[in-house]
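Q: Okay, so here is protein24.cif, and as you'll see once you scroll down, it has mmCIF, C-alpha atoms.
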data_protein
loop_
_atom_site.group_PDB
_atom_site.id
_atom_site.type_symbol
_atom_site.label_atom_id
_atom_site.label_comp_id
_atom_site.auth_asym_id
_atom_site.auth_seq_id
_atom_site.Cartn_x
_atom_site.Cartn_y
_atom_site.Cartn_z
ATOM 1 C CA MET A 384 100.048 102.784 89.454
ATOM 2 C CA TYR A 385 99.882 100.035 92.061
ATOM 3 C CA ASP A 386 102.985 98.776 93.820
ATOM 4 C CA LEU A 387 102.492 95.114 94.694
ATOM 5 C CA MET A 388 105.244 95.342 97.289
ATOM 6 C CA GLU A 389 103.427 97.749 99.617
ATOM 7 C CA PRO A 390 100.847 95.337 101.099
ATOM 8 C CA PHE A 391 103.695 93.003 102.071
ATOM 9 C CA ARG A 392 106.410 95.514 103.032
ATOM 10 C CA TRP A 393 105.679 94.807 106.689
ATOM 11 C CA LEU A 394 107.238 91.330 106.312
ATOM 12 C CA GLY A 395 110.658 92.883 105.750
ATOM 13 C CA ASP A 396 110.103 95.669 108.272
ATOM 14 C CA VAL A 397 109.107 93.324 111.101
ATOM 15 C CA THR A 398 111.971 90.962 110.281
ATOM 16 C CA THR A 399 114.429 93.873 110.429
ATOM 17 C CA ILE A 400 113.097 95.050 113.787
ATOM 18 C CA GLU A 401 113.251 91.523 115.192
ATOM 19 C CA ALA A 402 116.789 91.086 113.832
ATOM 20 C CA PHE A 403 117.997 94.155 115.723
ATOM 21 C CA GLU A 404 116.090 93.225 118.898
ATOM 22 C CA SER A 405 117.443 89.679 118.898
ATOM 23 C CA GLY A 406 121.019 90.733 118.162
ATOM 24 C CA VAL A 407 121.236 89.101 114.731
ATOM 25 C CA LEU A 408 121.892 92.620 113.411
ATOM 26 C CA ASP A 409 123.832 95.290 115.250
ATOM 27 C CA LEU A 410 125.137 98.680 114.202
ATOM 28 C CA LYS A 411 128.694 97.344 114.376
ATOM 29 C CA ASP A 412 127.815 94.959 111.509
ATOM 30 C CA PHE A 413 127.579 97.903 109.108
ATOM 31 C CA TYR A 414 130.532 99.796 107.717
ATOM 32 C CA PHE A 415 130.903 102.977 105.700
ATOM 33 C CA THR A 416 132.510 102.679 102.267
ATOM 34 C CA GLY A 417 133.704 106.266 101.960
ATOM 35 C CA ASP A 418 133.233 108.422 98.898
ATOM 36 C CA ASP A 419 129.958 106.925 97.670
ATOM 37 C CA TYR A 420 128.199 107.503 101.042
ATOM 38 C CA ARG A 421 126.958 103.929 101.326
ATOM 39 C CA TYR A 422 126.877 101.559 104.217
ATOM 40 C CA ARG A 423 127.641 97.892 103.728
ATOM 41 C CA ILE A 424 126.859 94.857 105.840
ATOM 42 C CA GLU A 425 129.154 91.961 106.661
ATOM 43 C CA ILE A 426 128.484 88.886 104.507
ATOM 44 C CA GLU A 427 127.902 86.463 107.401
ATOM 45 C CA VAL A 428 125.463 88.889 109.016
ATOM 46 C CA LYS A 429 123.674 89.228 105.684
ATOM 47 C CA ARG A 430 123.309 85.440 105.543
ATOM 48 C CA ARG A 431 121.814 85.343 109.053
ATOM 49 C CA PHE A 432 119.380 88.138 108.216
ATOM 50 C CA LEU A 433 118.328 86.477 104.961
ATOM 51 C CA GLN A 434 117.682 83.267 106.918
ATOM 52 C CA LEU A 435 115.344 85.199 109.242
ATOM 53 C CA LEU A 436 113.611 86.737 106.232
ATOM 54 C CA LYS A 437 113.250 83.305 104.635
ATOM 55 C CA GLU A 438 111.695 81.963 107.851
ATOM 56 C CA ARG A 439 109.240 84.896 107.907
ATOM 57 C CA PHE A 440 108.161 84.278 104.304
ATOM 58 C CA ASN A 441 107.807 80.556 105.008
ATOM 59 C CA SER A 442 105.711 81.078 108.132
ATOM 60 C CA GLY A 443 102.103 79.947 107.899
ATOM 61 C CA ILE A 444 99.015 82.135 107.766
ATOM 62 C CA SER A 445 95.350 81.147 107.657
ATOM 63 C CA CYS A 446 93.893 82.184 104.311
ATOM 64 C CA LYS A 447 90.520 81.114 102.931
ATOM 65 C CA GLY A 448 90.275 78.123 105.233
ATOM 66 C CA ARG A 449 93.795 76.855 104.515
ATOM 67 C CA VAL A 450 97.188 77.458 106.037
ATOM 68 C CA LEU A 451 99.499 78.934 103.433
ATOM 69 C CA LYS A 452 103.018 80.311 103.472
ATOM 70 C CA TRP A 453 103.410 84.043 102.873
ATOM 71 C CA ASP A 454 105.296 83.448 99.633
ATOM 72 C CA THR A 455 102.297 81.472 98.337
ATOM 73 C CA VAL A 456 99.886 84.216 99.451
ATOM 74 C CA ILE A 457 101.974 86.821 97.611
ATOM 75 C CA GLU A 458 101.966 84.677 94.477
ATOM 76 C CA GLN A 459 98.157 84.327 94.677
ATOM 77 C CA LYS A 460 97.747 88.088 95.166
ATOM 78 C CA ALA A 461 99.989 88.746 92.144
ATOM 79 C CA ASN A 462 97.761 86.444 90.098
ATOM 80 C CA GLU A 463 94.651 88.249 91.395
ATOM 81 C CA LEU A 464 96.173 91.592 90.402
ATOM 82 C CA GLY A 465 97.001 90.250 86.942
ATOM 83 C CA ARG A 466 93.426 88.978 86.425
ATOM 84 C CA PHE A 467 92.098 92.343 87.618
ATOM 85 C CA LEU A 468 94.353 94.293 85.247
ATOM 86 C CA VAL A 469 93.288 92.279 82.196
ATOM 87 C CA GLU A 470 89.666 92.633 83.338
ATOM 88 C CA LYS A 471 89.079 88.924 83.921
ATOM 89 C CA SER A 472 88.124 89.686 87.515
ATOM 90 C CA SER A 473 86.424 92.607 89.190
ATOM 91 C CA ALA A 474 87.591 91.699 92.694
ATOM 92 C CA LEU A 475 90.884 92.862 94.098
ATOM 93 C CA GLU A 476 91.361 92.168 97.810
ATOM 94 C CA PHE A 477 94.666 92.798 99.560
ATOM 95 C CA ASP A 478 93.427 93.065 103.130
ATOM 96 C CA ASP A 479 92.948 89.314 103.501
ATOM 97 C CA PRO A 480 94.867 87.683 105.030
ATOM 98 C CA ALA A 481 95.758 90.363 107.527
ATOM 99 C CA PRO A 482 99.114 90.142 109.289
ATOM 100 C CA ARG A 483 99.218 88.949 112.887
ATOM 101 C CA LEU A 484 101.657 91.141 114.718
ATOM 102 C CA GLU A 485 101.703 90.006 118.308
ATOM 103 C CA ARG A 486 104.334 90.873 120.848
ATOM 104 C CA HIS A 487 104.674 88.910 124.029
ATOM 105 C CA ASP A 488 107.454 90.833 125.710
ATOM 106 C CA ASP A 489 106.091 94.310 126.196
ATOM 107 C CA ARG A 490 107.625 96.647 128.783
ATOM 108 C CA GLU A 491 104.763 96.265 131.238
ATOM 109 C CA MET A 492 105.125 92.483 131.276
ATOM 110 C CA ARG A 493 108.895 92.789 131.746
ATOM 111 C CA ALA A 494 108.316 95.133 134.702
ATOM 112 C CA LYS A 495 105.743 92.777 136.244
ATOM 113 C CA ILE A 496 108.072 89.801 135.925
ATOM 114 C CA LEU A 497 110.959 91.658 137.517
ATOM 115 C CA ALA A 498 108.754 92.956 140.360
ATOM 116 C CA VAL A 499 107.288 89.595 141.387
ATOM 117 C CA THR A 500 108.853 88.057 144.472
ATOM 118 C CA PHE A 501 109.212 84.316 144.969
ATOM 119 C CA SER A 502 106.470 84.329 147.618
ATOM 120 C CA GLN A 503 104.095 86.205 145.266
ATOM 121 C CA ALA A 504 104.964 83.781 142.480
ATOM 122 C CA LYS A 505 104.124 80.866 144.776
ATOM 123 C CA GLN A 506 100.725 82.439 145.530
ATOM 124 C CA LEU A 507 100.160 82.864 141.783
ATOM 125 C CA ASN A 508 101.085 79.199 141.257
ATOM 126 C CA ILE A 509 104.216 80.087 139.270
ATOM 127 C CA GLY A 510 107.156 77.796 139.951
ATOM 128 C CA LYS A 511 110.620 78.977 140.993
ATOM 129 C CA SER A 512 112.259 77.724 137.818
ATOM 130 C CA THR A 513 109.621 79.440 135.667
ATOM 131 C CA LEU A 514 110.122 82.713 137.506
ATOM 132 C CA HIS A 515 113.897 82.355 137.255
ATOM 133 C CA TYR A 516 113.657 81.761 133.494
ATOM 134 C CA LEU A 517 111.257 84.690 133.014
ATOM 135 C CA ARG A 518 113.445 87.057 135.036
ATOM 136 C CA LYS A 519 116.501 86.051 133.047
ATOM 137 C CA LYS A 520 114.661 86.705 129.778
ATOM 138 C CA ALA A 521 113.084 89.959 131.028
ATOM 139 C CA ARG A 522 116.517 91.409 131.889
ATOM 140 C CA ASN A 523 117.733 90.716 128.361
ATOM 141 C CA ALA A 524 116.792 93.089 125.525
ATOM 142 C CA LYS A 525 115.867 90.215 123.223
ATOM 143 C CA GLN A 526 112.271 89.299 122.480
ATOM 144 C CA PHE A 527 110.844 86.414 124.479
ATOM 145 C CA SER A 528 107.484 84.755 124.982
ATOM 146 C CA VAL A 529 105.418 84.091 128.065
ATOM 147 C CA TYR A 530 102.965 81.206 128.107
ATOM 148 C CA THR A 531 99.357 82.384 128.095
ATOM 149 C CA SER A 532 98.616 80.643 131.405
ATOM 150 C CA VAL A 533 101.531 82.385 133.134
ATOM 151 C CA ARG A 534 100.708 85.699 131.464
ATOM 152 C CA SER A 535 97.135 85.543 132.780
ATOM 153 C CA ARG A 536 98.370 84.815 136.315
ATOM 154 C CA LEU A 537 100.679 87.815 136.234
ATOM 155 C CA GLY A 538 97.750 89.985 135.210
#
Take the structure from the file and write it as structure tokens.

A:
Amino acid sequence: MYDLMEPFRWLGDVTTIEAFESGVLDLKDFYFTGDDYRYRIEIEVKRRFLQLLKERFNSGISCKGRVLKWDTVIEQKANELGRFLVEKSSALEFDDPAPRLERHDDREMRAKILAVTFSQAKQLNIGKSTLHYLRKKARNAKQFSVYTSVRSRLG
């Protein structure tokens, strides 16, 4: 038995992690319903999370020389699985396209940003406003990005 959901489960998992890190979801948004031992989520929070999930599924990925949305890739893979099951195709490939999971706000980078002084930043050719912005973002728990040029200067 093959579960078509498994190769794409990471889409939901990563979206959930990002939702908690960004503050879209918080533990206070869940409530216990009592006797049936279930937790529920507030409707508005559910809408915000579903919007994030929709954005994830609509994000582009390079596949076979084209940029496709993940929902299109999943549809193509479902068709491939169907052709394989009815023996119209002998190829079944779920490792392409591979997900790109890149984080740009790791702990080491946060520590480097917070440790840099203004004089060191000037020597690294990083402007005061850039350093101020990066420090502000590094102090916050939310995910943030650092331009590649600035990242390379920080080491």

Q: Neighbours of A:Glu463 within 12 Å (only C-alpha atoms; same-chain residues fewer than 2 positions away dropped), as a PDB file with C-alpha atoms, in the frame of the given file?

A:
ATOM      1  CA  LEU A 387     102.492  95.114  94.694  1.00  0.00           C
ATOM      2  CA  VAL A 456      99.886  84.216  99.451  1.00  0.00           C
ATOM      3  CA  ILE A 457     101.974  86.821  97.611  1.00  0.00           C
ATOM      4  CA  GLU A 458     101.966  84.677  94.477  1.00  0.00           C
ATOM      5  CA  GLN A 459      98.157  84.327  94.677  1.00  0.00           C
ATOM      6  CA  LYS A 460      97.747  88.088  95.166  1.00  0.00           C
ATOM      7  CA  ALA A 461      99.989  88.746  92.144  1.00  0.00           C
ATOM      8  CA  GLY A 465      97.001  90.250  86.942  1.00  0.00           C
ATOM      9  CA  ARG A 466      93.426  88.978  86.425  1.00  0.00           C
ATOM     10  CA  PHE A 467      92.098  92.343  87.618  1.00  0.00           C
ATOM     11  CA  LEU A 468      94.353  94.293  85.247  1.00  0.00           C
ATOM     12  CA  VAL A 469      93.288  92.279  82.196  1.00  0.00           C
ATOM     13  CA  GLU A 470      89.666  92.633  83.338  1.00  0.00           C
ATOM     14  CA  LYS A 471      89.079  88.924  83.921  1.00  0.00           C
ATOM     15  CA  SER A 472      88.124  89.686  87.515  1.00  0.00           C
ATOM     16  CA  SER A 473      86.424  92.607  89.190  1.00  0.00           C
ATOM     17  CA  ALA A 474      87.591  91.699  92.694  1.00  0.00           C
ATOM     18  CA  LEU A 475      90.884  92.862  94.098  1.00  0.00           C
ATOM     19  CA  GLU A 476      91.361  92.168  97.810  1.00  0.00           C
ATOM     20  CA  PHE A 477      94.666  92.798  99.560  1.00  0.00           C
TER      21      PHE A 477
END

Q: Could you check the closest approach to A:Leu435 for each of A:Met388, A:Phe527, A:Glu401, A:Val533 and tell me which residue wins, using all atoms listed in the file?

A: A:Glu401

Q: Using all atoms listed in the file, pick whichever of A:Leu464, A:Arg421, A:Leu484, A:Glu491 has the shortest atom-to-atom distance to A:Leu537.

A: A:Glu491

Q: Near stretch 440-446 of chain A, counting all atoms listed in the file, which residues have an atom at most 10 Å away, once you skip same-chain residues fewer than 4 positions from it, shown as a ChimeraX atom specification?

A: /A:394-395,398,434-436,450-457,479-483

Q: I'd like the contact shell of stretch 502-517 of chain A - 12 Å cut-off, all atoms listed in the file, skipping same-chain residues fewer than 6 positions apart - returned as a VMD selection string.

A: chain A and resid 487 to 488 492 to 496 523 526 to 530 532 to 538

Q: What is the atom CA of A:Leu433-atom CA of A:Phe415 distance in Å, reported with one decimal?

A: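 Spanning atom CA of A:Leu433 to atom CA of A:Phe415 is a straight-line distance of 20.8 Å.
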
Q: Using atom CA of A:Leu408 and atom CA of A:Tyr420 as the two end points, give the distance in Å to one decimal.

A: 20.4 Å

Q: In Å to one decimal, how far is atom CA of A:Val428 from atom CA of A:Lys520?

A: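 Atom-to-atom, atom CA of A:Lys520 to atom CA of A:Val428, that is 23.5 Å.
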
Q: Could you add whatever atoms are missing so that stretch 467-502 of chain A carries N, CA and C atoms, then write the result as a tab-separated table (two decimals), in the frame of the given file?

A:
chain	number	residue	atom	x	y	z
A	467	PHE	N	92.81	91.07	87.50
A	467	PHE	CA	92.10	92.34	87.62
A	467	PHE	C	92.53	93.30	86.51
A	468	LEU	N	93.83	93.36	86.25
A	468	LEU	CA	94.35	94.29	85.25
A	468	LEU	C	93.91	93.95	83.82
A	469	VAL	N	93.75	92.67	83.53
A	469	VAL	CA	93.29	92.28	82.20
A	469	VAL	C	91.78	92.11	82.16
A	470	GLU	N	91.13	92.59	83.23
A	470	GLU	CA	89.67	92.63	83.34
A	470	GLU	C	89.00	91.27	83.29
A	471	LYS	N	89.68	90.24	83.79
A	471	LYS	CA	89.08	88.92	83.92
A	471	LYS	C	88.45	88.75	85.30
A	472	SER	N	88.68	89.72	86.18
A	472	SER	CA	88.12	89.69	87.52
A	472	SER	C	87.84	91.11	87.95
A	473	SER	N	86.75	91.28	88.69
A	473	SER	CA	86.42	92.61	89.19
A	473	SER	C	86.79	92.75	90.66
A	474	ALA	N	87.25	91.67	91.27
A	474	ALA	CA	87.59	91.70	92.69
A	474	ALA	C	89.10	91.80	92.87
A	475	LEU	N	89.48	92.71	93.75
A	475	LEU	CA	90.88	92.86	94.10
A	475	LEU	C	90.93	93.10	95.60
A	476	GLU	N	91.42	92.12	96.35
A	476	GLU	CA	91.36	92.17	97.81
A	476	GLU	C	92.75	91.91	98.39
A	477	PHE	N	93.34	92.95	98.96
A	477	PHE	CA	94.67	92.80	99.56
A	477	PHE	C	94.65	92.86	101.07
A	478	ASP	N	93.48	93.00	101.67
A	478	ASP	CA	93.43	93.06	103.13
A	478	ASP	C	93.20	91.70	103.78
A	479	ASP	N	93.09	90.66	102.98
A	479	ASP	CA	92.95	89.31	103.50
A	479	ASP	C	93.99	88.42	102.85
A	480	PRO	N	94.83	87.76	103.58
A	480	PRO	CA	94.87	87.68	105.03
A	480	PRO	C	95.58	88.89	105.64
A	481	ALA	N	95.14	89.26	106.81
A	481	ALA	CA	95.76	90.36	107.53
A	481	ALA	C	96.93	89.83	108.36
A	482	PRO	N	97.97	90.61	108.49
A	482	PRO	CA	99.11	90.14	109.29
A	482	PRO	C	98.76	90.04	110.77
A	483	ARG	N	99.37	89.08	111.44
A	483	ARG	CA	99.22	88.95	112.89
A	483	ARG	C	100.52	89.42	113.52
A	484	LEU	N	100.46	90.58	114.08
A	484	LEU	CA	101.66	91.14	114.72
A	484	LEU	C	101.42	91.15	116.22
A	485	GLU	N	101.91	90.14	116.87
A	485	GLU	CA	101.70	90.01	118.31
A	485	GLU	C	103.05	90.03	119.01
A	486	ARG	N	103.12	90.83	120.03
A	486	ARG	CA	104.33	90.87	120.85
A	486	ARG	C	103.99	90.30	122.20
A	487	HIS	N	104.90	89.54	122.74
A	487	HIS	CA	104.67	88.91	124.03
A	487	HIS	C	105.67	89.38	125.08
A	488	ASP	N	106.43	90.40	124.76
A	488	ASP	CA	107.45	90.83	125.71
A	488	ASP	C	107.41	92.34	125.93
A	489	ASP	N	106.21	92.87	126.04
A	489	ASP	CA	106.09	94.31	126.20
A	489	ASP	C	106.71	94.78	127.52
A	490	ARG	N	106.95	96.07	127.62
A	490	ARG	CA	107.62	96.65	128.78
A	490	ARG	C	106.87	96.40	130.08
A	491	GLU	N	105.55	96.49	130.03
A	491	GLU	CA	104.76	96.26	131.24
A	491	GLU	C	104.95	94.84	131.76
A	492	MET	N	104.95	93.87	130.86
A	492	MET	CA	105.12	92.48	131.28
A	492	MET	C	106.52	92.28	131.83
A	493	ARG	N	107.53	92.89	131.22
A	493	ARG	CA	108.90	92.79	131.75
A	493	ARG	C	108.95	93.34	133.17
A	494	ALA	N	108.32	94.51	133.37
A	494	ALA	CA	108.32	95.13	134.70
A	494	ALA	C	107.60	94.26	135.72
A	495	LYS	N	106.48	93.66	135.33
A	495	LYS	CA	105.74	92.78	136.24
A	495	LYS	C	106.58	91.57	136.64
A	496	ILE	N	107.25	90.99	135.65
A	496	ILE	CA	108.07	89.80	135.93
A	496	ILE	C	109.20	90.15	136.89
A	497	LEU	N	109.84	91.26	136.66
A	497	LEU	CA	110.96	91.66	137.52
A	497	LEU	C	110.51	92.08	138.92
A	498	ALA	N	109.26	92.50	139.07
A	498	ALA	CA	108.75	92.96	140.36
A	498	ALA	C	108.21	91.82	141.23
A	499	VAL	N	107.88	90.70	140.64
A	499	VAL	CA	107.29	89.60	141.39
A	499	VAL	C	108.34	88.94	142.29
A	500	THR	N	107.98	88.77	143.54
A	500	THR	CA	108.85	88.06	144.47
A	500	THR	C	108.54	86.57	144.40
A	501	PHE	N	109.44	85.76	144.99
A	501	PHE	CA	109.21	84.32	144.97
A	501	PHE	C	107.95	83.95	145.74
A	502	SER	N	107.68	84.65	146.84
A	502	SER	CA	106.47	84.33	147.62
A	502	SER	C	105.21	84.71	146.83
